[in-house]
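Just final_35.pdb here, PDB, C-alpha atoms, pLDDT in the B column:
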ATOM      1  CA  MET A   1     -15.250-187.506  58.855  1.00 90.00           C
ATOM      2  CA  GLU A   2     -17.834-187.097  56.182  1.00 93.00           C
ATOM      3  CA  TYR A   3     -20.286-184.229  56.379  1.00 95.00           C
ATOM      4  CA  VAL A   4     -23.356-183.573  54.274  1.00 95.00           C
ATOM      5  CA  VAL A   5     -23.722-179.896  53.469  1.00 95.00           C
ATOM      6  CA  GLY A   6     -26.974-178.587  51.992  1.00 95.00           C
ATOM      7  CA  VAL A   7     -26.753-175.572  49.705  1.00 96.00           C
ATOM      8  CA  LYS A   8     -29.929-173.562  49.079  1.00 96.00           C
ATOM      9  CA  ILE A   9     -29.743-171.410  45.968  1.00 96.00           C
ATOM     10  CA  LEU A  10     -32.491-168.883  45.253  1.00 96.00           C
ATOM     11  CA  PRO A  11     -32.959-166.228  42.585  1.00 95.00           C
ATOM     12  CA  ARG A  12     -32.184-162.760  43.982  1.00 94.00           C
ATOM     13  CA  THR A  13     -35.262-160.807  44.985  1.00 90.00           C
ATOM     14  CA  GLU A  14     -34.654-158.182  42.289  1.00 91.00           C
ATOM     15  CA  VAL A  15     -34.591-160.852  39.574  1.00 92.00           C
ATOM     16  CA  LEU A  16     -37.814-162.006  37.903  1.00 93.00           C
ATOM     17  CA  ASP A  17     -38.428-165.588  38.987  1.00 94.00           C
ATOM     18  CA  SER A  18     -40.571-166.997  36.173  1.00 94.00           C
ATOM     19  CA  GLN A  19     -40.879-170.478  37.725  1.00 92.00           C
ATOM     20  CA  GLY A  20     -42.044-168.989  40.998  1.00 94.00           C
ATOM     21  CA  ARG A  21     -44.610-166.835  39.201  1.00 94.00           C
ATOM     22  CA  ALA A  22     -45.900-169.893  37.336  1.00 93.00           C
ATOM     23  CA  VAL A  23     -46.383-171.781  40.605  1.00 92.00           C
ATOM     24  CA  GLU A  24     -48.148-168.767  42.173  1.00 92.00           C
ATOM     25  CA  LYS A  25     -50.552-168.515  39.232  1.00 93.00           C
ATOM     26  CA  THR A  26     -51.319-172.227  39.088  1.00 92.00           C
ATOM     27  CA  LEU A  27     -52.058-172.287  42.790  1.00 92.00           C
ATOM     28  CA  SER A  28     -54.260-169.206  42.786  1.00 91.00           C
ATOM     29  CA  HIS A  29     -56.263-170.728  39.900  1.00 92.00           C
ATOM     30  CA  HIS A  30     -56.771-173.810  42.051  1.00 92.00           C
ATOM     31  CA  GLY A  31     -58.014-171.968  45.090  1.00 89.00           C
ATOM     32  CA  PHE A  32     -54.920-171.824  47.298  1.00 90.00           C
ATOM     33  CA  GLU A  33     -55.736-168.366  48.622  1.00 89.00           C
ATOM     34  CA  ASN A  34     -53.326-168.356  51.536  1.00 90.00           C
ATOM     35  CA  LEU A  35     -50.296-168.370  49.292  1.00 92.00           C
ATOM     36  CA  SER A  36     -48.892-164.878  48.768  1.00 91.00           C
ATOM     37  CA  GLY A  37     -45.544-165.653  47.183  1.00 92.00           C
ATOM     38  CA  CYS A  38     -43.281-168.357  45.865  1.00 94.00           C
ATOM     39  CA  ARG A  39     -39.664-168.518  44.724  1.00 95.00           C
ATOM     40  CA  VAL A  40     -38.113-171.522  43.026  1.00 96.00           C
ATOM     41  CA  GLY A  41     -34.419-172.288  43.279  1.00 96.00           C
ATOM     42  CA  LYS A  42     -32.026-175.203  43.609  1.00 96.00           C
ATOM     43  CA  TYR A  43     -31.085-177.430  46.515  1.00 96.00           C
ATOM     44  CA  VAL A  44     -27.788-179.273  46.356  1.00 96.00           C
ATOM     45  CA  THR A  45     -26.351-181.681  48.907  1.00 95.00           C
ATOM     46  CA  LEU A  46     -22.593-182.186  48.956  1.00 95.00           C
ATOM     47  CA  ASN A  47     -20.873-185.056  50.756  1.00 95.00           C
ATOM     48  CA  ILE A  48     -17.583-183.635  51.924  1.00 95.00           C
ATOM     49  CA  LYS A  49     -14.696-185.270  53.778  1.00 93.00           C
ATOM     50  CA  ALA A  50     -13.376-182.786  56.316  1.00 92.00           C
ATOM     51  CA  ASP A  51     -11.942-182.602  59.822  1.00 93.00           C
ATOM     52  CA  ASN A  52     -14.680-180.401  61.203  1.00 93.00           C
ATOM     53  CA  GLU A  53     -17.888-178.586  60.289  1.00 93.00           C
ATOM     54  CA  ASP A  54     -16.101-175.316  59.602  1.00 94.00           C
ATOM     55  CA  SER A  55     -13.785-176.747  56.994  1.00 93.00           C
ATOM     56  CA  ALA A  56     -16.672-178.699  55.418  1.00 94.00           C
ATOM     57  CA  LEU A  57     -18.601-175.437  55.080  1.00 95.00           C
ATOM     58  CA  LYS A  58     -15.548-173.677  53.632  1.00 94.00           C
ATOM     59  CA  GLU A  59     -15.124-176.422  51.032  1.00 93.00           C
ATOM     60  CA  ALA A  60     -18.846-176.260  50.204  1.00 94.00           C
ATOM     61  CA  GLU A  61     -18.559-172.491  49.759  1.00 94.00           C
ATOM     62  CA  LYS A  62     -15.673-172.978  47.304  1.00 92.00           C
ATOM     63  CA  VAL A  63     -17.699-175.562  45.364  1.00 92.00           C
ATOM     64  CA  SER A  64     -20.781-173.318  45.319  1.00 93.00           C
ATOM     65  CA  GLU A  65     -18.826-170.365  44.013  1.00 92.00           C
ATOM     66  CA  PHE A  66     -17.065-172.534  41.444  1.00 91.00           C
ATOM     67  CA  VAL A  67     -19.969-174.371  39.841  1.00 89.00           C
ATOM     68  CA  LEU A  68     -23.260-174.172  41.696  1.00 92.00           C
ATOM     69  CA  TYR A  69     -24.489-170.633  41.643  1.00 91.00           C
ATOM     70  CA  ASN A  70     -24.466-167.557  39.473  1.00 93.00           C
ATOM     71  CA  PRO A  71     -23.751-164.522  41.682  1.00 93.00           C
ATOM     72  CA  LEU A  72     -25.345-162.153  39.183  1.00 94.00           C
ATOM     73  CA  ILE A  73     -28.813-163.591  39.596  1.00 94.00           C
ATOM     74  CA  GLU A  74     -28.693-165.943  42.592  1.00 95.00           C
ATOM     75  CA  SER A  75     -27.780-165.987  46.240  1.00 94.00           C
ATOM     76  CA  PHE A  76     -27.022-169.015  48.382  1.00 94.00           C
ATOM     77  CA  GLU A  77     -27.110-170.248  51.958  1.00 94.00           C
ATOM     78  CA  MET A  78     -25.495-173.316  53.457  1.00 95.00           C
ATOM     79  CA  GLU A  79     -26.393-175.674  56.281  1.00 94.00           C
ATOM     80  CA  ILE A  80     -24.867-178.795  57.813  1.00 94.00           C
ATOM     81  CA  VAL A  81     -27.345-181.626  57.213  1.00 92.00           C
ATOM     82  CA  LYS A  82     -25.345-184.431  58.801  1.00 86.00           C
TER      83      LYS A  82
ATOM     84  CA  MET B   1     -49.463-164.083  60.215  1.00 90.00           C
ATOM     85  CA  GLU B   2     -47.322-164.772  57.224  1.00 93.00           C
ATOM     86  CA  TYR B   3     -44.851-167.631  57.365  1.00 95.00           C
ATOM     87  CA  VAL B   4     -42.123-168.510  54.900  1.00 95.00           C
ATOM     88  CA  VAL B   5     -41.841-172.259  54.433  1.00 95.00           C
ATOM     89  CA  GLY B   6     -38.825-173.735  52.640  1.00 95.00           C
ATOM     90  CA  VAL B   7     -39.362-176.966  50.723  1.00 96.00           C
ATOM     91  CA  LYS B   8     -36.303-179.059  49.830  1.00 96.00           C
ATOM     92  CA  ILE B   9     -36.935-181.506  47.026  1.00 96.00           C
ATOM     93  CA  LEU B  10     -34.294-184.104  46.167  1.00 96.00           C
ATOM     94  CA  PRO B  11     -34.221-187.044  43.748  1.00 95.00           C
ATOM     95  CA  ARG B  12     -34.742-190.345  45.580  1.00 94.00           C
ATOM     96  CA  THR B  13     -31.500-192.211  46.305  1.00 90.00           C
ATOM     97  CA  GLU B  14     -32.500-195.083  44.011  1.00 91.00           C
ATOM     98  CA  VAL B  15     -33.012-192.704  41.074  1.00 92.00           C
ATOM     99  CA  LEU B  16     -30.075-191.750  38.851  1.00 92.00           C
ATOM    100  CA  ASP B  17     -29.320-188.091  39.468  1.00 94.00           C
ATOM    101  CA  SER B  18     -27.648-186.992  36.246  1.00 94.00           C
ATOM    102  CA  GLN B  19     -27.132-183.375  37.351  1.00 93.00           C
ATOM    103  CA  GLY B  20     -25.478-184.525  40.554  1.00 94.00           C
ATOM    104  CA  ARG B  21     -23.199-186.868  38.624  1.00 94.00           C
ATOM    105  CA  ALA B  22     -22.221-184.045  36.284  1.00 93.00           C
ATOM    106  CA  VAL B  23     -21.273-181.821  39.234  1.00 92.00           C
ATOM    107  CA  GLU B  24     -19.269-184.668  40.831  1.00 93.00           C
ATOM    108  CA  LYS B  25     -17.317-185.259  37.600  1.00 93.00           C
ATOM    109  CA  THR B  26     -16.621-181.586  36.969  1.00 92.00           C
ATOM    110  CA  LEU B  27     -15.345-181.138  40.490  1.00 92.00           C
ATOM    111  CA  SER B  28     -13.137-184.234  40.485  1.00 91.00           C
ATOM    112  CA  HIS B  29     -11.594-183.035  37.191  1.00 92.00           C
ATOM    113  CA  HIS B  30     -10.799-179.760  38.916  1.00 92.00           C
ATOM    114  CA  GLY B  31      -9.105-181.291  41.919  1.00 89.00           C
ATOM    115  CA  PHE B  32     -11.846-181.177  44.548  1.00 90.00           C
ATOM    116  CA  GLU B  33     -10.810-184.488  46.102  1.00 89.00           C
ATOM    117  CA  ASN B  34     -12.774-184.167  49.328  1.00 90.00           C
ATOM    118  CA  LEU B  35     -16.106-184.360  47.567  1.00 92.00           C
ATOM    119  CA  SER B  36     -17.560-187.863  47.611  1.00 91.00           C
ATOM    120  CA  GLY B  37     -21.108-187.237  46.468  1.00 92.00           C
ATOM    121  CA  CYS B  38     -23.547-184.661  45.224  1.00 94.00           C
ATOM    122  CA  ARG B  39     -27.283-184.575  44.615  1.00 95.00           C
ATOM    123  CA  VAL B  40     -29.092-181.743  42.880  1.00 96.00           C
ATOM    124  CA  GLY B  41     -32.712-180.940  43.599  1.00 96.00           C
ATOM    125  CA  LYS B  42     -35.046-177.984  43.974  1.00 96.00           C
ATOM    126  CA  TYR B  43     -35.567-175.458  46.739  1.00 96.00           C
ATOM    127  CA  VAL B  44     -38.861-173.624  46.891  1.00 96.00           C
ATOM    128  CA  THR B  45     -39.936-170.954  49.360  1.00 95.00           C
ATOM    129  CA  LEU B  46     -43.646-170.428  49.924  1.00 95.00           C
ATOM    130  CA  ASN B  47     -45.123-167.366  51.667  1.00 95.00           C
ATOM    131  CA  ILE B  48     -48.187-168.631  53.435  1.00 95.00           C
ATOM    132  CA  LYS B  49     -50.783-166.786  55.510  1.00 94.00           C
ATOM    133  CA  ALA B  50     -51.690-169.002  58.472  1.00 92.00           C
ATOM    134  CA  ASP B  51     -52.579-168.819  62.149  1.00 93.00           C
ATOM    135  CA  ASN B  52     -49.647-170.891  63.327  1.00 93.00           C
ATOM    136  CA  GLU B  53     -46.593-172.823  62.147  1.00 93.00           C
ATOM    137  CA  ASP B  54     -48.433-176.127  62.062  1.00 94.00           C
ATOM    138  CA  SER B  55     -51.132-174.963  59.703  1.00 93.00           C
ATOM    139  CA  ALA B  56     -48.529-173.196  57.531  1.00 94.00           C
ATOM    140  CA  LEU B  57     -46.645-176.490  57.244  1.00 95.00           C
ATOM    141  CA  LYS B  58     -49.841-178.379  56.437  1.00 94.00           C
ATOM    142  CA  GLU B  59     -50.684-175.904  53.671  1.00 93.00           C
ATOM    143  CA  ALA B  60     -47.127-176.175  52.318  1.00 94.00           C
ATOM    144  CA  GLU B  61     -47.426-179.963  52.296  1.00 94.00           C
ATOM    145  CA  LYS B  62     -50.635-179.714  50.257  1.00 92.00           C
ATOM    146  CA  VAL B  63     -48.958-177.350  47.791  1.00 92.00           C
ATOM    147  CA  SER B  64     -45.902-179.606  47.522  1.00 93.00           C
ATOM    148  CA  GLU B  65     -48.000-182.663  46.819  1.00 92.00           C
ATOM    149  CA  PHE B  66     -50.131-180.764  44.343  1.00 91.00           C
ATOM    150  CA  VAL B  67     -47.506-179.121  42.136  1.00 89.00           C
ATOM    151  CA  LEU B  68     -43.993-179.131  43.496  1.00 92.00           C
ATOM    152  CA  TYR B  69     -42.739-182.677  43.624  1.00 91.00           C
ATOM    153  CA  ASN B  70     -43.075-185.972  41.799  1.00 93.00           C
ATOM    154  CA  PRO B  71     -43.434-188.752  44.384  1.00 93.00           C
ATOM    155  CA  LEU B  72     -42.197-191.390  41.938  1.00 94.00           C
ATOM    156  CA  ILE B  73     -38.721-189.927  41.687  1.00 94.00           C
ATOM    157  CA  GLU B  74     -38.419-187.280  44.404  1.00 95.00           C
ATOM    158  CA  SER B  75     -38.787-186.857  48.132  1.00 94.00           C
ATOM    159  CA  PHE B  76     -39.230-183.624  50.046  1.00 94.00           C
ATOM    160  CA  GLU B  77     -38.639-182.021  53.423  1.00 94.00           C
ATOM    161  CA  MET B  78     -40.046-178.810  54.841  1.00 95.00           C
ATOM    162  CA  GLU B  79     -38.750-176.168  57.222  1.00 94.00           C
ATOM    163  CA  ILE B  80     -40.048-172.914  58.641  1.00 94.00           C
ATOM    164  CA  VAL B  81     -37.736-170.184  57.390  1.00 92.00           C
ATOM    165  CA  LYS B  82     -39.490-167.202  58.975  1.00 86.00           C
TER     166      LYS B  82
END
For the structure just supplied, provide its representation as structure tokens.
Amino acid sequence: MEYVVGVKILPRTEVLDSQGRAVEKTLSHHGFENLSGCRVGKYVTLNIKADNEDSALKEAEKVSEFVLYNPLIESFEMEIVK
Amino acid sequence: MEYVVGVKILPRTEVLDSQGRAVEKTLSHHGFENLSGCRVGKYVTLNIKADNEDSALKEAEKVSEFVLYNPLIESFEMEIVK
């Protein structure tokens, strides 16, 4: 079966997120006063052939650790999309 | 109350996703044979002060349409994270 796994990659909280800051500033200049924070990261979907959800997630974890994220400055979460 | 809304932004399927292609190629060169597709987009979390989930999502939609995504080449989905 083919699964679609979504990988959400965000800068760690202790790392300065310059893109997020830029969005925050732009929005506060334009009157979005309800926004108190913003972080910008990456979202990657992987189509993976696997027997079950668990092995699809394991494969996605391998892929994420191999090319998608930088553990020094980012953290990631996975979800089954389909 | 403060809600955290996650916004997933992906290139539309009819748009060439060069980053996704690059990841696919790298992985197939390195023996990840179970991977049949990859798309790379953005993931943004917004901290929004709102009375309920619905109005938080509405505010996030406004923000997304205003600065986060380009409707010509991208589509987006939202989720309540917290």
Chain A contacts to chain B at 6 Å (only C-alpha atoms) as a PyMOL selection string
chain A and resi 34-49
Close residues, Leu72 of chain B itself excluded, 10 Å, all atoms listed in the file, min 4 positions apart in chain, as number ranges by chain
B: 11-12, 15
Matching every Cα in sequence order between the two identical chains, what are the coordinates of chain A once fitted onto chain B? Write them as a PDB file with C-alpha atoms, in the frame of the given file.
ATOM      1  CA  MET A   1     -49.475-164.072  60.204  1.00 90.00           C
ATOM      2  CA  GLU A   2     -47.313-164.772  57.234  1.00 93.00           C
ATOM      3  CA  TYR A   3     -44.837-167.624  57.357  1.00 95.00           C
ATOM      4  CA  VAL A   4     -42.108-168.515  54.898  1.00 95.00           C
ATOM      5  CA  VAL A   5     -41.838-172.258  54.427  1.00 95.00           C
ATOM      6  CA  GLY A   6     -38.831-173.736  52.626  1.00 95.00           C
ATOM      7  CA  VAL A   7     -39.366-176.967  50.717  1.00 96.00           C
ATOM      8  CA  LYS A   8     -36.303-179.055  49.836  1.00 96.00           C
ATOM      9  CA  ILE A   9     -36.932-181.511  47.022  1.00 96.00           C
ATOM     10  CA  LEU A  10     -34.302-184.119  46.170  1.00 96.00           C
ATOM     11  CA  PRO A  11     -34.214-187.036  43.747  1.00 95.00           C
ATOM     12  CA  ARG A  12     -34.748-190.337  45.589  1.00 94.00           C
ATOM     13  CA  THR A  13     -31.542-192.202  46.319  1.00 90.00           C
ATOM     14  CA  GLU A  14     -32.523-195.083  44.025  1.00 91.00           C
ATOM     15  CA  VAL A  15     -33.007-192.704  41.091  1.00 92.00           C
ATOM     16  CA  LEU A  16     -30.075-191.751  38.853  1.00 93.00           C
ATOM     17  CA  ASP A  17     -29.334-188.082  39.463  1.00 94.00           C
ATOM     18  CA  SER A  18     -27.642-186.984  36.234  1.00 94.00           C
ATOM     19  CA  GLN A  19     -27.133-183.366  37.360  1.00 92.00           C
ATOM     20  CA  GLY A  20     -25.485-184.523  40.559  1.00 94.00           C
ATOM     21  CA  ARG A  21     -23.198-186.869  38.631  1.00 94.00           C
ATOM     22  CA  ALA A  22     -22.221-184.027  36.293  1.00 93.00           C
ATOM     23  CA  VAL A  23     -21.273-181.819  39.245  1.00 92.00           C
ATOM     24  CA  GLU A  24     -19.273-184.672  40.834  1.00 92.00           C
ATOM     25  CA  LYS A  25     -17.329-185.241  37.610  1.00 93.00           C
ATOM     26  CA  THR A  26     -16.619-181.569  36.976  1.00 92.00           C
ATOM     27  CA  LEU A  27     -15.341-181.138  40.503  1.00 92.00           C
ATOM     28  CA  SER A  28     -13.141-184.220  40.487  1.00 91.00           C
ATOM     29  CA  HIS A  29     -11.599-183.016  37.196  1.00 92.00           C
ATOM     30  CA  HIS A  30     -10.801-179.735  38.923  1.00 92.00           C
ATOM     31  CA  GLY A  31      -9.108-181.267  41.916  1.00 89.00           C
ATOM     32  CA  PHE A  32     -11.840-181.161  44.561  1.00 90.00           C
ATOM     33  CA  GLU A  33     -10.811-184.473  46.095  1.00 89.00           C
ATOM     34  CA  ASN A  34     -12.763-184.167  49.319  1.00 90.00           C
ATOM     35  CA  LEU A  35     -16.092-184.358  47.559  1.00 92.00           C
ATOM     36  CA  SER A  36     -17.532-187.874  47.607  1.00 91.00           C
ATOM     37  CA  GLY A  37     -21.083-187.238  46.465  1.00 92.00           C
ATOM     38  CA  CYS A  38     -23.537-184.665  45.228  1.00 94.00           C
ATOM     39  CA  ARG A  39     -27.284-184.593  44.624  1.00 95.00           C
ATOM     40  CA  VAL A  40     -29.091-181.765  42.877  1.00 96.00           C
ATOM     41  CA  GLY A  41     -32.712-180.949  43.595  1.00 96.00           C
ATOM     42  CA  LYS A  42     -35.052-177.996  43.977  1.00 96.00           C
ATOM     43  CA  TYR A  43     -35.568-175.477  46.748  1.00 96.00           C
ATOM     44  CA  VAL A  44     -38.866-173.634  46.892  1.00 96.00           C
ATOM     45  CA  THR A  45     -39.927-170.968  49.368  1.00 95.00           C
ATOM     46  CA  LEU A  46     -43.640-170.431  49.921  1.00 95.00           C
ATOM     47  CA  ASN A  47     -45.096-167.379  51.654  1.00 95.00           C
ATOM     48  CA  ILE A  48     -48.166-168.648  53.435  1.00 95.00           C
ATOM     49  CA  LYS A  49     -50.758-166.810  55.520  1.00 93.00           C
ATOM     50  CA  ALA A  50     -51.670-169.011  58.465  1.00 92.00           C
ATOM     51  CA  ASP A  51     -52.567-168.826  62.145  1.00 93.00           C
ATOM     52  CA  ASN A  52     -49.639-170.896  63.323  1.00 93.00           C
ATOM     53  CA  GLU A  53     -46.588-172.820  62.133  1.00 93.00           C
ATOM     54  CA  ASP A  54     -48.433-176.129  62.056  1.00 94.00           C
ATOM     55  CA  SER A  55     -51.120-174.953  59.687  1.00 93.00           C
ATOM     56  CA  ALA A  56     -48.513-173.194  57.510  1.00 94.00           C
ATOM     57  CA  LEU A  57     -46.631-176.489  57.225  1.00 95.00           C
ATOM     58  CA  LYS A  58     -49.852-178.363  56.432  1.00 94.00           C
ATOM     59  CA  GLU A  59     -50.677-175.894  53.657  1.00 93.00           C
ATOM     60  CA  ALA A  60     -47.117-176.169  52.308  1.00 94.00           C
ATOM     61  CA  GLU A  61     -47.439-179.962  52.297  1.00 94.00           C
ATOM     62  CA  LYS A  62     -50.660-179.705  50.260  1.00 92.00           C
ATOM     63  CA  VAL A  63     -48.963-177.348  47.788  1.00 92.00           C
ATOM     64  CA  SER A  64     -45.905-179.609  47.516  1.00 93.00           C
ATOM     65  CA  GLU A  65     -48.010-182.664  46.822  1.00 92.00           C
ATOM     66  CA  PHE A  66     -50.148-180.755  44.335  1.00 91.00           C
ATOM     67  CA  VAL A  67     -47.527-179.113  42.140  1.00 89.00           C
ATOM     68  CA  LEU A  68     -43.996-179.148  43.498  1.00 92.00           C
ATOM     69  CA  TYR A  69     -42.763-182.684  43.625  1.00 91.00           C
ATOM     70  CA  ASN A  70     -43.084-185.965  41.807  1.00 93.00           C
ATOM     71  CA  PRO A  71     -43.442-188.753  44.396  1.00 93.00           C
ATOM     72  CA  LEU A  72     -42.218-191.377  41.943  1.00 94.00           C
ATOM     73  CA  ILE A  73     -38.738-189.931  41.689  1.00 94.00           C
ATOM     74  CA  GLU A  74     -38.430-187.285  44.414  1.00 95.00           C
ATOM     75  CA  SER A  75     -38.793-186.863  48.133  1.00 94.00           C
ATOM     76  CA  PHE A  76     -39.248-183.626  50.044  1.00 94.00           C
ATOM     77  CA  GLU A  77     -38.640-182.036  53.423  1.00 94.00           C
ATOM     78  CA  MET A  78     -40.038-178.818  54.824  1.00 95.00           C
ATOM     79  CA  GLU A  79     -38.749-176.192  57.228  1.00 94.00           C
ATOM     80  CA  ILE A  80     -40.055-172.919  58.643  1.00 94.00           C
ATOM     81  CA  VAL A  81     -37.714-170.184  57.397  1.00 92.00           C
ATOM     82  CA  LYS A  82     -39.477-167.216  58.970  1.00 86.00           C
TER      83      LYS A  82
END
How big is the axis-aligned box around all listed atoms of segment 31-49 of chain B once 3 Å goes on each side, and where's its centre, in Å to one decimal, as AutoDock Vina command-line options?
--center_x -29.9 --center_y -177.3 --center_z 48.7 --size_x 47.7 --size_y 27.1 --size_z 19.6
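Here atom CA of Met1 of chain B and atom CA of Glu53 of chain B stand 9.4 Å from one another.
When atom CA of Tyr69 of chain B is paired with atom CA of Val81 of chain A, their separation reads 20.6 Å.
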